[in-house]
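Student: My file is input.cif. It has mmCIF, C-alpha atoms:
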data_upload
loop_
_atom_site.label_atom_id
_atom_site.label_comp_id
_atom_site.auth_asym_id
_atom_site.auth_seq_id
_atom_site.Cartn_x
_atom_site.Cartn_y
_atom_site.Cartn_z
CA MET A 1 0.00 0.00 0.00
CA LEU A 2 1.15 3.51 -0.82
CA THR A 3 0.48 6.79 0.93
CA PRO A 4 -0.64 9.72 -1.21
CA GLY A 5 2.83 11.22 -0.78
CA GLU A 6 4.56 8.06 -1.97
CA LEU A 7 2.28 7.73 -4.99
CA ALA A 8 2.60 11.41 -5.88
CA ALA A 9 6.40 11.05 -5.80
CA GLN A 10 6.27 7.96 -8.04
CA LEU A 11 4.01 9.74 -10.54
CA GLY A 12 5.99 12.97 -10.41
CA VAL A 13 3.00 15.06 -9.39
CA ASP A 14 2.16 17.13 -6.33
CA VAL A 15 0.06 15.58 -3.55
CA ARG A 16 -2.55 18.29 -4.20
CA ASP A 17 -2.83 17.17 -7.83
CA LEU A 18 -3.31 13.59 -6.68
CA LYS A 19 -6.08 14.75 -4.32
CA ARG A 20 -7.74 16.61 -7.17
CA LEU A 21 -7.63 13.47 -9.32
CA ARG A 22 -9.16 11.55 -6.41
CA ASP A 23 -11.90 14.15 -5.91
CA GLU A 24 -12.71 14.15 -9.63
CA GLY A 25 -12.78 10.33 -9.80
CA ARG A 26 -9.96 10.25 -12.35
CA GLY A 27 -7.15 8.80 -10.24
CA PRO A 28 -6.41 5.25 -9.18
CA ALA A 29 -8.77 3.46 -6.81
CA TYR A 30 -7.96 4.03 -3.14
CA ILE A 31 -9.13 2.95 0.29
CA THR A 32 -9.95 5.18 3.24
CA LEU A 33 -8.66 3.67 6.47
CA THR A 34 -9.84 6.64 8.54
CA PRO A 35 -11.29 9.98 7.43
CA ARG A 36 -7.73 11.35 7.20
CA THR A 37 -5.83 8.21 6.16
CA ILE A 38 -5.89 7.22 2.49
CA ARG A 39 -3.92 4.39 0.92
CA TYR A 40 -3.50 3.19 -2.64
CA LEU A 41 -3.12 -0.52 -3.36
CA THR A 42 -0.16 -1.08 -5.66
CA SER A 43 -2.24 -3.46 -7.80
CA GLU A 44 -4.89 -0.76 -8.33
CA VAL A 45 -2.23 1.80 -9.24
CA ALA A 46 -0.72 -0.65 -11.75
CA ASP A 47 -4.16 -1.26 -13.29
CA TRP A 48 -4.80 2.48 -13.53
CA LEU A 49 -1.43 3.11 -15.12
CA SER A 50 -1.97 0.36 -17.69
CA ASP A 51 -5.29 1.92 -18.71
CA ASP A 52 -5.12 3.54 -22.17
CA THR A 53 -6.05 6.94 -20.75
CA ALA A 54 -3.97 6.90 -17.54
CA ASP A 55 -1.11 8.83 -19.17
CA GLN A 56 -3.54 11.54 -20.21
CA ARG A 57 -4.95 11.78 -16.66
CA VAL A 58 -1.49 12.16 -15.14
CA ASP A 59 -0.57 14.78 -17.77
CA GLN A 60 -3.69 16.76 -16.88
CA ALA A 61 -2.68 16.71 -13.22
CA GLU A 62 0.77 18.14 -13.92
CA PRO A 63 1.20 19.34 -17.51
CA SER A 64 4.70 19.09 -18.88
CA PRO A 65 5.69 21.69 -21.47
CA THR A 66 7.87 19.09 -23.22
CA ALA A 67 5.34 16.23 -23.18
CA ALA A 68 4.36 14.91 -26.59
CA PRO A 69 0.63 14.59 -27.28
CA LYS A 70 -0.75 11.19 -26.33
CA ASN A 71 -2.58 9.02 -28.85
CA THR A 72 -5.79 8.06 -27.04
CA MET A 73 -7.63 6.91 -30.15
CA GLY A 74 -6.07 3.43 -29.99
CA VAL A 75 -4.64 3.84 -33.49
#
Taking this structure as input, can you express it in the form of structure tokens?
Tutor:
Amino acid sequence: MLTPGELAAQLGVDVRDLKRLRDEGRGPAYITLTPRTIRYLTSEVADWLSDDTADQRVDQAEPSPTAAPKNTMGV
């Protein structure tokens, strides 16, 4: 299990961006242990990252000026 800080560091985004993804339902699935304790299962993060649109979601959280456009059309 990963803390939001650990996952944010792995993804290269800010913890606030990860919270925004969570609030918007666009981030990886998570569990709430207590109202202030959130954890991400590594298997859920891996599934989310393997999703065709996961790269686009991460890019929207922290846009990179040098990032190439992603092909989300599956072509």
Student: Output, as JSON, the centre and edge lengths in Å (one decimal) of the axis-aligned box that contains all listed atoms of segment 4-7 of chain A with 8 Å of margin on each side.
Tutor:
{"center_x": 2.0, "center_y": 9.5, "center_z": -2.9, "size_x": 21.2, "size_y": 19.5, "size_z": 20.2}
Student: Set the distance at 8 Å and use all atoms listed in the file: which residues neighbour Trp48 of chain A once local chain neighbours fewer than 4 positions away are removed? I'd like the list as a list in words.
Tutor: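 Listing them by chain and then by number gives Gly27, Pro28, Ala29, Glu44 and Ala54 of chain A.
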Student: Would you work out the distance separating atom CA of Asp47 of chain A from atom CA of Asp23 of chain A, expressed in Å to one decimal?
Tutor: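 According to the coordinates, atom CA of Asp47 of chain A and atom CA of Asp23 of chain A are separated by 18.8 Å.
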Student: One number please: atom CA of Tyr40 of chain A to atom CA of Met1 of chain A, in Å, one decimal.
Tutor: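 Pair atom CA of Tyr40 of chain A / atom CA of Met1 of chain A returns 5.4 Å.
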Student: Applying the PyMOL selection byres ((chain A and resi 6) around 12) to the file I just gave you, which residues come out? Please list them as a list in words.
Tutor: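 So the PyMOL selection byres ((chain A and resi 6) around 12) ends up selecting Met1, Leu2, Thr3, Pro4, Gly5, Leu7, Ala8, Ala9, Gln10, Leu11, Gly12, Val13, Asp14, Val15, Leu18, Ile38, Arg39, Tyr40, Leu41, Thr42 and Val45 of chain A.
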Student: What gap, in Å, lies between atom CA of Ser50 of chain A and atom CA of Arg22 of chain A?
Tutor: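 Here the two named atoms are 17.4 Å from each other.
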